[in-house]
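start.cif (mmCIF, C-alpha atoms and all ligand atoms)
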data_start
loop_
_atom_site.group_PDB
_atom_site.id
_atom_site.type_symbol
_atom_site.label_atom_id
_atom_site.label_comp_id
_atom_site.auth_asym_id
_atom_site.auth_seq_id
_atom_site.Cartn_x
_atom_site.Cartn_y
_atom_site.Cartn_z
ATOM 1 C CA MET A 1 215.334 5.546 114.339
ATOM 2 C CA LYS A 2 213.471 6.560 111.216
ATOM 3 C CA ILE A 3 210.017 5.055 110.583
ATOM 4 C CA ASP A 4 207.976 5.614 107.429
ATOM 5 C CA VAL A 5 204.396 4.397 107.088
ATOM 6 C CA LEU A 6 202.666 3.995 103.744
ATOM 7 C CA THR A 7 198.884 4.054 104.176
ATOM 8 C CA LEU A 8 195.596 5.023 102.537
ATOM 9 C CA PHE A 9 194.488 6.547 105.842
ATOM 10 C CA PRO A 10 197.188 8.960 107.069
ATOM 11 C CA GLU A 11 194.602 10.848 109.172
ATOM 12 C CA MET A 12 194.195 7.779 111.414
ATOM 13 C CA PHE A 13 197.756 8.300 112.645
ATOM 14 C CA VAL A 14 196.983 11.731 114.070
ATOM 15 C CA GLY A 15 196.316 11.272 117.769
ATOM 16 C CA PRO A 16 197.630 7.865 118.828
ATOM 17 C CA LEU A 17 201.247 8.756 118.014
ATOM 18 C CA ASP A 18 201.024 12.326 119.360
ATOM 19 C CA PHE A 19 200.853 11.447 123.063
ATOM 20 C CA SER A 20 202.803 9.869 125.853
ATOM 21 C CA MET A 21 206.149 8.193 125.274
ATOM 22 C CA VAL A 22 205.860 8.236 121.486
ATOM 23 C CA LYS A 23 205.356 11.998 121.546
ATOM 24 C CA ARG A 24 208.426 12.416 123.756
ATOM 25 C CA ALA A 25 210.484 10.153 121.491
ATOM 26 C CA ARG A 26 209.436 12.233 118.466
ATOM 27 C CA ASP A 27 209.985 15.598 120.183
ATOM 28 C CA SER A 28 213.470 14.567 121.329
ATOM 29 C CA GLY A 29 214.494 13.313 117.880
ATOM 30 C CA ILE A 30 214.919 9.682 118.974
ATOM 31 C CA LEU A 31 212.073 8.800 116.589
ATOM 32 C CA ASN A 32 211.670 10.409 113.178
ATOM 33 C CA LEU A 33 208.184 9.291 112.065
ATOM 34 C CA ARG A 34 206.723 10.109 108.672
ATOM 35 C CA VAL A 35 203.244 9.043 107.527
ATOM 36 C CA VAL A 36 202.885 8.949 103.744
ATOM 37 C CA ASN A 37 199.669 8.757 101.718
ATOM 38 C CA LEU A 38 199.822 5.954 99.126
ATOM 39 C CA ARG A 39 197.686 8.120 96.819
ATOM 40 C CA ASP A 40 200.628 10.519 96.512
ATOM 41 C CA TYR A 41 202.258 7.837 94.320
ATOM 42 C CA THR A 42 199.414 7.585 91.775
ATOM 43 C CA HIS A 43 199.428 9.496 88.483
ATOM 44 C CA ASP A 44 195.830 9.291 87.223
ATOM 45 C CA ARG A 45 193.102 11.869 87.833
ATOM 46 C CA HIS A 46 191.263 9.627 90.276
ATOM 47 C CA LYS A 47 194.370 8.657 92.289
ATOM 48 C CA THR A 48 193.534 4.972 91.818
ATOM 49 C CA VAL A 49 195.173 2.585 94.291
ATOM 50 C CA ASP A 50 192.972 -0.513 93.852
ATOM 51 C CA ASP A 51 191.728 -2.850 91.123
ATOM 52 C CA LYS A 52 189.701 -6.046 90.657
ATOM 53 C CA PRO A 53 191.305 -9.457 91.237
ATOM 54 C CA PHE A 54 192.272 -11.446 88.123
ATOM 55 C CA GLY A 55 190.197 -14.630 88.067
ATOM 56 C CA GLY A 56 187.261 -12.916 89.733
ATOM 57 C CA GLY A 57 186.110 -12.933 93.328
ATOM 58 C CA PRO A 58 184.884 -10.377 95.826
ATOM 59 C CA GLY A 59 186.542 -7.135 96.795
ATOM 60 C CA MET A 60 189.438 -5.111 95.498
ATOM 61 C CA LEU A 61 193.228 -5.425 95.759
ATOM 62 C CA LEU A 62 195.925 -2.803 96.211
ATOM 63 C CA LYS A 63 197.501 -2.444 92.772
ATOM 64 C CA PRO A 64 201.282 -2.839 92.596
ATOM 65 C CA GLU A 65 202.442 0.299 90.738
ATOM 66 C CA PRO A 66 201.911 2.968 93.469
ATOM 67 C CA ILE A 67 203.407 0.680 96.128
ATOM 68 C CA PHE A 68 206.495 -0.134 94.047
ATOM 69 C CA GLU A 69 207.030 3.541 93.248
ATOM 70 C CA ALA A 70 206.621 4.532 96.906
ATOM 71 C CA VAL A 71 208.993 1.864 98.198
ATOM 72 C CA GLU A 72 211.584 2.740 95.548
ATOM 73 C CA ASN A 73 211.357 6.367 96.712
ATOM 74 C CA LEU A 74 211.288 5.790 100.473
ATOM 75 C CA ALA A 75 213.556 2.756 100.998
ATOM 76 C CA ASN A 76 217.288 2.236 100.632
ATOM 77 C CA ALA A 77 219.634 -0.687 101.327
ATOM 78 C CA THR A 78 219.363 -0.159 105.118
ATOM 79 C CA THR A 79 215.551 -0.143 105.201
ATOM 80 C CA ARG A 80 213.553 -3.029 106.636
ATOM 81 C CA VAL A 81 210.274 -3.110 104.698
ATOM 82 C CA ILE A 82 207.417 -4.649 106.679
ATOM 83 C CA MET A 83 204.040 -5.573 105.246
ATOM 84 C CA LEU A 84 201.144 -5.533 107.714
ATOM 85 C CA THR A 85 198.799 -8.317 106.747
ATOM 86 C CA PRO A 86 196.500 -10.750 108.592
ATOM 87 C CA THR A 87 198.504 -13.671 107.134
ATOM 88 C CA GLY A 88 201.854 -12.436 108.535
ATOM 89 C CA ARG A 89 204.082 -13.622 111.412
ATOM 90 C CA LYS A 90 202.394 -12.954 114.748
ATOM 91 C CA PHE A 91 203.843 -9.823 116.376
ATOM 92 C CA ASP A 92 205.352 -10.309 119.835
ATOM 93 C CA GLN A 93 207.890 -8.733 122.222
ATOM 94 C CA GLN A 94 210.729 -10.689 120.613
ATOM 95 C CA LEU A 95 209.961 -9.174 117.181
ATOM 96 C CA ALA A 96 209.568 -5.722 118.782
ATOM 97 C CA ARG A 97 213.107 -6.063 120.190
ATOM 98 C CA GLU A 98 214.417 -7.164 116.812
ATOM 99 C CA LEU A 99 212.792 -4.226 114.977
ATOM 100 C CA ALA A 100 214.083 -1.751 117.580
ATOM 101 C CA GLN A 101 217.646 -2.582 116.400
ATOM 102 C CA GLN A 102 217.030 -1.308 112.861
ATOM 103 C CA GLU A 103 217.877 2.177 111.672
ATOM 104 C CA HIS A 104 214.962 2.522 109.225
ATOM 105 C CA LEU A 105 211.577 0.772 109.116
ATOM 106 C CA LEU A 106 209.013 1.157 106.337
ATOM 107 C CA PHE A 107 205.530 -0.194 107.065
ATOM 108 C CA LEU A 108 203.119 -1.024 104.245
ATOM 109 C CA CYS A 109 199.559 -0.996 105.578
ATOM 110 C CA GLY A 110 197.103 -3.416 104.014
ATOM 111 C CA ALA A 111 193.653 -2.303 102.883
ATOM 112 C CA TYR A 112 190.682 -3.734 100.947
ATOM 113 C CA GLU A 113 191.250 -7.482 100.411
ATOM 114 C CA GLY A 114 195.015 -7.041 100.540
ATOM 115 C CA PHE A 115 198.050 -6.633 98.285
ATOM 116 C CA ASP A 116 198.782 -7.823 94.778
ATOM 117 C CA GLU A 117 201.061 -10.830 95.371
ATOM 118 C CA ARG A 118 204.012 -9.185 93.579
ATOM 119 C CA VAL A 119 204.305 -6.571 96.354
ATOM 120 C CA ARG A 120 205.705 -9.390 98.538
ATOM 121 C CA THR A 121 208.961 -9.239 96.535
ATOM 122 C CA LEU A 122 209.587 -5.790 98.112
ATOM 123 C CA VAL A 123 209.343 -6.785 101.762
ATOM 124 C CA GLN A 124 211.551 -8.440 104.381
ATOM 125 C CA ASP A 125 208.730 -9.311 106.802
ATOM 126 C CA GLU A 126 204.993 -9.881 106.836
ATOM 127 C CA VAL A 127 203.472 -9.150 110.232
ATOM 128 C CA SER A 128 200.043 -9.657 111.834
ATOM 129 C CA ILE A 129 199.147 -8.370 115.311
ATOM 130 C CA GLY A 130 196.830 -11.279 116.116
ATOM 131 C CA ASP A 131 194.111 -13.607 114.974
ATOM 132 C CA TYR A 132 191.196 -11.248 114.511
ATOM 133 C CA VAL A 133 190.012 -9.343 111.454
ATOM 134 C CA LEU A 134 190.490 -5.573 111.302
ATOM 135 C CA THR A 135 189.471 -3.216 108.512
ATOM 136 C CA ASN A 136 193.004 -2.231 107.443
ATOM 137 C CA GLY A 137 196.650 -2.203 108.565
ATOM 138 C CA ALA A 138 196.752 1.281 110.118
ATOM 139 C CA LEU A 139 195.964 0.238 113.712
ATOM 140 C CA PRO A 140 198.441 -2.691 113.477
ATOM 141 C CA ALA A 141 201.134 -0.269 112.252
ATOM 142 C CA MET A 142 200.470 1.993 115.251
ATOM 143 C CA VAL A 143 200.595 -0.979 117.644
ATOM 144 C CA VAL A 144 203.972 -2.089 116.272
ATOM 145 C CA ILE A 145 205.356 1.479 116.258
ATOM 146 C CA ASP A 146 204.262 1.983 119.868
ATOM 147 C CA ALA A 147 205.876 -1.276 121.044
ATOM 148 C CA VAL A 148 209.110 -0.578 119.146
ATOM 149 C CA THR A 149 209.384 3.077 120.218
ATOM 150 C CA ARG A 150 209.379 2.349 123.943
ATOM 151 C CA LEU A 151 212.395 0.059 123.388
ATOM 152 C CA LEU A 152 214.537 2.719 121.702
ATOM 153 C CA PRO A 153 217.547 3.787 123.794
ATOM 154 C CA GLY A 154 216.700 6.883 125.853
ATOM 155 C CA VAL A 155 212.901 6.561 125.663
ATOM 156 C CA LEU A 156 212.385 4.628 128.916
ATOM 157 C CA GLY A 157 214.098 4.472 132.266
ATOM 158 C CA ASP A 158 217.116 2.139 132.412
ATOM 159 C CA ASP A 159 215.629 -0.753 134.350
ATOM 160 C CA GLN A 160 212.480 -1.094 132.214
ATOM 161 C CA SER A 161 214.150 -3.253 129.562
ATOM 162 C CA SER A 162 215.252 -5.870 132.093
ATOM 163 C CA GLN A 163 211.716 -5.887 133.530
ATOM 164 C CA ASP A 164 210.275 -6.458 130.045
ATOM 165 C CA GLU A 165 212.785 -9.269 129.552
ATOM 166 C CA SER A 166 211.377 -11.261 132.450
ATOM 167 C CA PHE A 167 207.824 -10.675 131.280
ATOM 168 C CA SER A 168 208.344 -11.639 127.674
ATOM 169 C CA HIS A 169 209.978 -15.030 128.214
ATOM 170 C CA GLY A 170 209.002 -15.675 131.819
ATOM 171 C CA THR A 171 205.706 -15.237 133.569
ATOM 172 C CA LEU A 172 202.907 -12.734 133.918
ATOM 173 C CA GLU A 173 203.432 -10.036 136.511
ATOM 174 C CA TYR A 174 202.548 -10.443 140.189
ATOM 175 C CA SER A 175 199.627 -8.407 141.579
ATOM 176 C CA HIS A 176 200.312 -4.809 142.600
ATOM 177 C CA TYR A 177 198.788 -2.664 145.347
ATOM 178 C CA THR A 178 199.033 1.001 146.325
ATOM 179 C CA ARG A 179 197.464 2.965 149.191
ATOM 180 C CA PRO A 180 195.096 2.755 151.012
ATOM 181 C CA ALA A 181 196.010 -0.478 152.857
ATOM 182 C CA GLU A 182 192.289 -1.211 153.172
ATOM 183 C CA PHE A 183 189.777 -0.135 150.528
ATOM 184 C CA ARG A 184 186.060 -1.013 150.690
ATOM 185 C CA GLY A 185 186.845 -3.975 152.886
ATOM 186 C CA MET A 186 189.639 -5.261 150.623
ATOM 187 C CA ARG A 187 192.975 -5.576 152.473
ATOM 188 C CA VAL A 188 196.408 -5.391 150.929
ATOM 189 C CA PRO A 189 198.200 -8.714 151.728
ATOM 190 C CA ASP A 190 200.036 -8.378 155.083
ATOM 191 C CA VAL A 191 203.360 -9.512 153.623
ATOM 192 C CA LEU A 192 203.533 -6.361 151.442
ATOM 193 C CA LEU A 193 203.244 -4.172 154.574
ATOM 194 C CA SER A 194 205.775 -6.252 156.541
ATOM 195 C CA GLY A 195 208.940 -4.563 155.290
ATOM 196 C CA ASN A 196 210.520 -8.049 154.912
ATOM 197 C CA HIS A 197 211.966 -7.782 151.426
ATOM 198 C CA ALA A 198 212.984 -11.436 151.146
ATOM 199 C CA GLU A 199 209.428 -12.517 152.020
ATOM 200 C CA ILE A 200 207.925 -9.944 149.655
ATOM 201 C CA GLU A 201 210.144 -11.199 146.835
ATOM 202 C CA LYS A 202 209.146 -14.815 147.517
ATOM 203 C CA TRP A 203 205.418 -13.939 147.641
ATOM 204 C CA ARG A 204 205.632 -12.053 144.358
ATOM 205 C CA ARG A 205 207.395 -14.953 142.616
ATOM 206 C CA GLU A 206 204.686 -17.360 143.839
ATOM 207 C CA GLN A 207 201.881 -14.991 142.794
ATOM 208 C CA ALA A 208 203.368 -14.583 139.343
ATOM 209 C CA LYS A 209 203.681 -18.347 138.900
ATOM 210 C CA LEU A 210 200.130 -19.087 140.144
ATOM 211 C CA ARG A 211 198.650 -16.372 137.953
ATOM 212 C CA THR A 212 200.567 -17.619 134.906
ATOM 213 C CA GLU A 213 199.497 -21.255 135.484
ATOM 214 C CA GLU A 214 195.901 -20.107 135.723
ATOM 215 C CA ARG A 215 195.718 -17.592 132.877
ATOM 216 C CA ARG A 216 198.605 -18.265 130.476
ATOM 217 C CA PRO A 217 199.929 -21.821 130.883
ATOM 218 C CA ASP A 218 201.337 -21.498 127.328
ATOM 219 C CA LEU A 219 204.007 -19.105 128.687
ATOM 220 C CA LEU A 220 205.405 -21.770 131.045
ATOM 221 C CA GLU A 221 206.120 -24.348 128.284
HETATM 222 C C1 LIG B 301 191.445 -8.094 106.695
HETATM 223 C C2 LIG B 301 192.790 -7.368 104.855
HETATM 224 C C3 LIG B 301 191.146 -9.268 106.010
HETATM 225 C C4 LIG B 301 192.485 -8.549 104.160
HETATM 226 C C5 LIG B 301 190.282 -14.548 101.784
HETATM 227 C C6 LIG B 301 189.841 -13.611 100.861
HETATM 228 C C7 LIG B 301 197.075 -6.013 108.901
HETATM 229 C C8 LIG B 301 195.469 -7.134 110.159
HETATM 230 C C9 LIG B 301 195.728 -6.358 108.969
HETATM 231 C C10 LIG B 301 192.256 -7.154 106.108
HETATM 232 C C11 LIG B 301 191.649 -9.484 104.739
HETATM 233 C C12 LIG B 301 196.642 -7.320 110.909
HETATM 234 C C13 LIG B 301 189.592 -12.831 102.777
HETATM 235 C C14 LIG B 301 195.570 -8.566 112.549
HETATM 236 C C15 LIG B 301 194.280 -7.732 110.693
HETATM 237 C C16 LIG B 301 194.823 -5.936 107.885
HETATM 238 C C17 LIG B 301 192.600 -5.886 106.865
HETATM 239 C C18 LIG B 301 191.329 -10.718 103.985
HETATM 240 C C19 LIG B 301 189.268 -11.892 103.865
HETATM 241 N N1 LIG B 301 190.088 -14.007 102.980
HETATM 242 N N2 LIG B 301 196.706 -8.034 112.091
HETATM 243 N N3 LIG B 301 189.394 -12.563 101.558
HETATM 244 N N4 LIG B 301 194.397 -8.423 111.863
HETATM 245 N N5 LIG B 301 193.509 -6.205 107.957
HETATM 246 N N6 LIG B 301 189.964 -10.701 103.627
HETATM 247 O O1 LIG B 301 193.179 -7.650 110.153
HETATM 248 O O2 LIG B 301 195.258 -5.370 106.908
HETATM 249 S S1 LIG B 301 197.984 -6.588 110.165
#

Please lay out the structure from this file as structure tokens.
Ligand code: 21W
Amino acid sequence: MKIDVLTLFPEMFVGPLDFSMVKRARDSGILNLRVVNLRDYTHDRHKTVDDKPFGGGPGMLLKPEPIFEAVENLANATTRVIMLTPTGRKFDQQLARELAQQEHLLFLCGAYEGFDERVRTLVQDEVSIGDYVLTNGALPAMVVIDAVTRLLPGVLGDDQSSQDESFSHGTLEYSHYTRPAEFRGMRVPDVLLSGNHAEIEKWRREQAKLRTEERRPDLLE
């Protein structure tokens, strides 16, 4: 998969996408990631990317010309162009799975008070990562890229996708334990040491259900 990111803060992407599974996906060629500076698509001496809102009001907006020029240069008919904005569709595992099917994604990261409305004519999706206010769309882009990358064929072990499946439209996970069997007075539940796999399975299902009822009843609806 090819992913392009258009941002005012390309330096923010150094680090988070250079480790772990994303690094392996990039090194192996499964993911071809390119981070592009929006200022590269300006033509004036000051590399202007923002301007005041018509009608007045606080803050600045991303002006349309550099974004249109960048998208026209970076996207083709197979590209899914995704705007990261606090007013977008809430990102979830279902959307991650959908995006992982595409051959080319282009993320437009919001900044300042947001985009000139006409930029919306360039995009297929508007995505938010949740109901809280961040300073710009760079961290959301990295969150989405991370979630999508681990779903690309060859990045994870085979059984991980079926495990994710049960999490994303089922319940929370059951509780996990590793050695030692007793730690600072806290015992691992006997059933997990019993070797009785039918009982272990049953206990885990119950745990997952109880935990979901308590913490995330919305998932059971
Ligand atoms: C935050 C841009 C607030 C614009 C009315 C007028 C991308 C984001 C962002 C940002 C505003 C995402 C206002 C979750 C996020 C992002 C920067 C609007 C207030 N209201 N997902 N002015 N949270 N954030 N400014 O913040 O670009 S995806």

Listed atoms of ligand LIG 301 (chain B) boxed along x, y and z, 5 Å each side, centre and edge lengths in Å, one decimal, as AutoDock Vina command-line options:
--center_x 193.6 --center_y -10.0 --center_z 106.7 --size_x 18.7 --size_y 19.2 --size_z 21.7

For stretch 25-35 of chain A, list every protein, DNA or RNA residue within 12 Å, evaluated using all atoms listed in the file, and leave out those in the same chain fewer than 4 positions away; present the list as a ChimeraX atom specification.
-> /A:1-14,17-21,40,74,100,102-109,138,141-142,145-146,148-156

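Once the PyMOL selection byres (((not hetatm)) within 6 of (chain B and resi 301)) is applied to the depicted file, the selected set reads Leu84, Thr85, Pro86, Gly110, Ala111, Tyr112, Glu113, Gly114, Ser128, Ile129, Gly130, Asp131, Tyr132, Val133, Leu134, Thr135, Asn136, Gly137 and Pro140 of chain A.
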
Expand the PyMOL selection byres (((chain A and resi 209) around 12) and not hetatm) into the individual residues it matches in the shown file, reporting them as JSON, numbers by chain.
-> {"A": [167, 170, 171, 172, 173, 174, 175, 202, 203, 204, 205, 206, 207, 208, 210, 211, 212, 213, 214, 215, 216, 217, 219, 220]}

Which polymer residues have any atom within 12 Å of an atom of A:Lys52, counting only C-alpha atoms, with same-chain residues fewer than 2 positions away left out, as a ChimeraX atom specification?
-> /A:48-50,54-63,112-116

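When the PyMOL selection byres (((chain A and resi 70) around 9) and not hetatm) is evaluated on the file shown here, the picked residues come out as Leu6, Val36, Leu38, Asp40, Tyr41, Glu65, Pro66, Ile67, Phe68, Glu69, Val71, Glu72, Asn73, Leu74 and Ala75 of chain A.
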
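Taking atom CA of A:Val81 as the reference point, atom CA of A:Asp164 is found at 25.6 Å.
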
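The two atoms in question, atom CA of A:Pro180 and atom CA of A:Gly195, are spaced 16.2 Å apart.
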
Extract, using all atoms listed in the file, all DNA, RNA and protein residues at most 8 Å from A:Gln93, discarding same-chain residues fewer than 2 positions from it, and format them as number ranges by chain.
-> A: 91, 95-97, 147, 168

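Reported to one decimal place, the separation of atom CA of A:Glu221 from atom CA of A:Val143 is 26.3 Å.
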
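Considering only C-alpha atoms, the residue among A:Leu122, A:Asp44, A:Leu139, A:Glu98 positioned nearest to A:Asn76 is A:Leu122.
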
Fill-in result for stretch 175-186 of chain A, all heavy atoms as a PDB file, in the frame of the given file:
ATOM      1  N   SER A 175     200.620  -9.458 141.353  1.00  0.00           N
ATOM      2  CA  SER A 175     199.627  -8.407 141.579  1.00  0.00           C
ATOM      3  C   SER A 175     200.234  -7.237 142.337  1.00  0.00           C
ATOM      4  O   SER A 175     201.100  -7.417 143.188  1.00  0.00           O
ATOM      5  CB  SER A 175     198.414  -8.971 142.321  1.00  0.00           C
ATOM      6  OG  SER A 175     198.791 -10.009 143.186  1.00  0.00           O
ATOM      7  N   HIS A 176     199.778  -6.041 142.013  1.00  0.00           N
ATOM      8  CA  HIS A 176     200.312  -4.809 142.600  1.00  0.00           C
ATOM      9  C   HIS A 176     199.250  -4.130 143.451  1.00  0.00           C
ATOM     10  O   HIS A 176     198.065  -4.193 143.128  1.00  0.00           O
ATOM     11  CB  HIS A 176     200.718  -3.812 141.500  1.00  0.00           C
ATOM     12  CG  HIS A 176     201.646  -4.361 140.478  1.00  0.00           C
ATOM     13  ND1 HIS A 176     202.998  -4.450 140.658  1.00  0.00           N
ATOM     14  CD2 HIS A 176     201.405  -4.846 139.236  1.00  0.00           C
ATOM     15  CE1 HIS A 176     203.559  -4.957 139.585  1.00  0.00           C
ATOM     16  NE2 HIS A 176     202.608  -5.211 138.697  1.00  0.00           N
ATOM     17  N   TYR A 177     199.683  -3.459 144.504  1.00  0.00           N
ATOM     18  CA  TYR A 177     198.788  -2.664 145.347  1.00  0.00           C
ATOM     19  C   TYR A 177     199.427  -1.322 145.668  1.00  0.00           C
ATOM     20  O   TYR A 177     200.640  -1.239 145.811  1.00  0.00           O
ATOM     21  CB  TYR A 177     198.514  -3.386 146.682  1.00  0.00           C
ATOM     22  CG  TYR A 177     197.763  -4.684 146.549  1.00  0.00           C
ATOM     23  CD1 TYR A 177     198.443  -5.868 146.287  1.00  0.00           C
ATOM     24  CD2 TYR A 177     196.377  -4.730 146.687  1.00  0.00           C
ATOM     25  CE1 TYR A 177     197.763  -7.071 146.174  1.00  0.00           C
ATOM     26  CE2 TYR A 177     195.686  -5.931 146.569  1.00  0.00           C
ATOM     27  CZ  TYR A 177     196.384  -7.090 146.312  1.00  0.00           C
ATOM     28  OH  TYR A 177     195.716  -8.274 146.204  1.00  0.00           O
ATOM     29  N   THR A 178     198.571  -0.285 145.804  1.00  0.00           N
ATOM     30  CA  THR A 178     199.033   1.001 146.325  1.00  0.00           C
ATOM     31  C   THR A 178     198.109   1.387 147.494  1.00  0.00           C
ATOM     32  O   THR A 178     197.240   0.615 147.884  1.00  0.00           O
ATOM     33  CB  THR A 178     199.071   2.061 145.207  1.00  0.00           C
ATOM     34  OG1 THR A 178     199.626   3.263 145.743  1.00  0.00           O
ATOM     35  CG2 THR A 178     197.676   2.336 144.642  1.00  0.00           C
ATOM     36  N   ARG A 179     198.300   2.567 148.075  1.00  0.00           N
ATOM     37  CA  ARG A 179     197.464   2.965 149.191  1.00  0.00           C
ATOM     38  C   ARG A 179     196.018   3.209 148.728  1.00  0.00           C
ATOM     39  O   ARG A 179     195.802   3.527 147.565  1.00  0.00           O
ATOM     40  CB  ARG A 179     198.042   4.232 149.836  1.00  0.00           C
ATOM     41  CG  ARG A 179     199.332   3.918 150.581  1.00  0.00           C
ATOM     42  CD  ARG A 179     199.879   5.124 151.269  1.00  0.00           C
ATOM     43  NE  ARG A 179     200.383   6.108 150.297  1.00  0.00           N
ATOM     44  CZ  ARG A 179     201.016   7.231 150.639  1.00  0.00           C
ATOM     45  NH1 ARG A 179     201.230   7.540 151.916  1.00  0.00           N
ATOM     46  NH2 ARG A 179     201.432   8.053 149.719  1.00  0.00           N
ATOM     47  N   PRO A 180     195.007   3.067 149.576  1.00  0.00           N
ATOM     48  CA  PRO A 180     195.096   2.755 151.012  1.00  0.00           C
ATOM     49  C   PRO A 180     195.265   1.251 151.282  1.00  0.00           C
ATOM     50  O   PRO A 180     194.899   0.434 150.435  1.00  0.00           O
ATOM     51  CB  PRO A 180     193.753   3.244 151.539  1.00  0.00           C
ATOM     52  CG  PRO A 180     192.826   3.090 150.393  1.00  0.00           C
ATOM     53  CD  PRO A 180     193.633   3.359 149.154  1.00  0.00           C
ATOM     54  N   ALA A 181     195.765   0.919 152.480  1.00  0.00           N
ATOM     55  CA  ALA A 181     196.010  -0.478 152.857  1.00  0.00           C
ATOM     56  C   ALA A 181     194.705  -1.272 152.972  1.00  0.00           C
ATOM     57  O   ALA A 181     194.701  -2.491 152.824  1.00  0.00           O
ATOM     58  CB  ALA A 181     196.787  -0.545 154.172  1.00  0.00           C
ATOM     59  N   GLU A 182     193.601  -0.569 153.244  1.00  0.00           N
ATOM     60  CA  GLU A 182     192.289  -1.211 153.172  1.00  0.00           C
ATOM     61  C   GLU A 182     191.354  -0.313 152.379  1.00  0.00           C
ATOM     62  O   GLU A 182     191.250   0.885 152.650  1.00  0.00           O
ATOM     63  CB  GLU A 182     191.702  -1.471 154.564  1.00  0.00           C
ATOM     64  CG  GLU A 182     190.360  -2.172 154.453  1.00  0.00           C
ATOM     65  CD  GLU A 182     189.804  -2.674 155.784  1.00  0.00           C
ATOM     66  OE1 GLU A 182     190.572  -2.754 156.768  1.00  0.00           O
ATOM     67  OE2 GLU A 182     188.592  -2.957 155.819  1.00  0.00           O
ATOM     68  N   PHE A 183     190.683  -0.890 151.386  1.00  0.00           N
ATOM     69  CA  PHE A 183     189.777  -0.135 150.528  1.00  0.00           C
ATOM     70  C   PHE A 183     188.499  -0.930 150.330  1.00  0.00           C
ATOM     71  O   PHE A 183     188.529  -2.061 149.836  1.00  0.00           O
ATOM     72  CB  PHE A 183     190.445   0.149 149.180  1.00  0.00           C
ATOM     73  CG  PHE A 183     189.555   0.840 148.187  1.00  0.00           C
ATOM     74  CD1 PHE A 183     189.143   2.153 148.385  1.00  0.00           C
ATOM     75  CD2 PHE A 183     189.089   0.169 147.062  1.00  0.00           C
ATOM     76  CE1 PHE A 183     188.303   2.783 147.475  1.00  0.00           C
ATOM     77  CE2 PHE A 183     188.257   0.797 146.153  1.00  0.00           C
ATOM     78  CZ  PHE A 183     187.863   2.110 146.367  1.00  0.00           C
ATOM     79  N   ARG A 184     187.374  -0.353 150.788  1.00  0.00           N
ATOM     80  CA  ARG A 184     186.060  -1.013 150.690  1.00  0.00           C
ATOM     81  C   ARG A 184     186.112  -2.459 151.160  1.00  0.00           C
ATOM     82  O   ARG A 184     185.580  -3.365 150.527  1.00  0.00           O
ATOM     83  CB  ARG A 184     185.519  -0.926 149.254  1.00  0.00           C
ATOM     84  CG  ARG A 184     185.366   0.535 148.820  1.00  0.00           C
ATOM     85  CD  ARG A 184     184.493   0.707 147.619  1.00  0.00           C
ATOM     86  NE  ARG A 184     184.358   2.134 147.313  1.00  0.00           N
ATOM     87  CZ  ARG A 184     183.626   2.634 146.336  1.00  0.00           C
ATOM     88  NH1 ARG A 184     182.945   1.825 145.533  1.00  0.00           N
ATOM     89  NH2 ARG A 184     183.559   3.920 146.129  1.00  0.00           N
ATOM     90  N   GLY A 185     186.773  -2.655 152.264  1.00  0.00           N
ATOM     91  CA  GLY A 185     186.845  -3.975 152.886  1.00  0.00           C
ATOM     92  C   GLY A 185     187.915  -4.881 152.311  1.00  0.00           C
ATOM     93  O   GLY A 185     188.105  -6.001 152.796  1.00  0.00           O
ATOM     94  N   MET A 186     188.599  -4.435 151.253  1.00  0.00           N
ATOM     95  CA  MET A 186     189.639  -5.261 150.623  1.00  0.00           C
ATOM     96  C   MET A 186     191.006  -4.854 151.155  1.00  0.00           C
ATOM     97  O   MET A 186     191.430  -3.713 150.967  1.00  0.00           O
ATOM     98  CB  MET A 186     189.584  -5.104 149.093  1.00  0.00           C
ATOM     99  CG  MET A 186     188.268  -5.574 148.476  1.00  0.00           C
ATOM    100  SD  MET A 186     188.172  -5.265 146.685  1.00  0.00           S
ATOM    101  CE  MET A 186     187.712  -3.526 146.666  1.00  0.00           C
TER     102      MET A 186
END
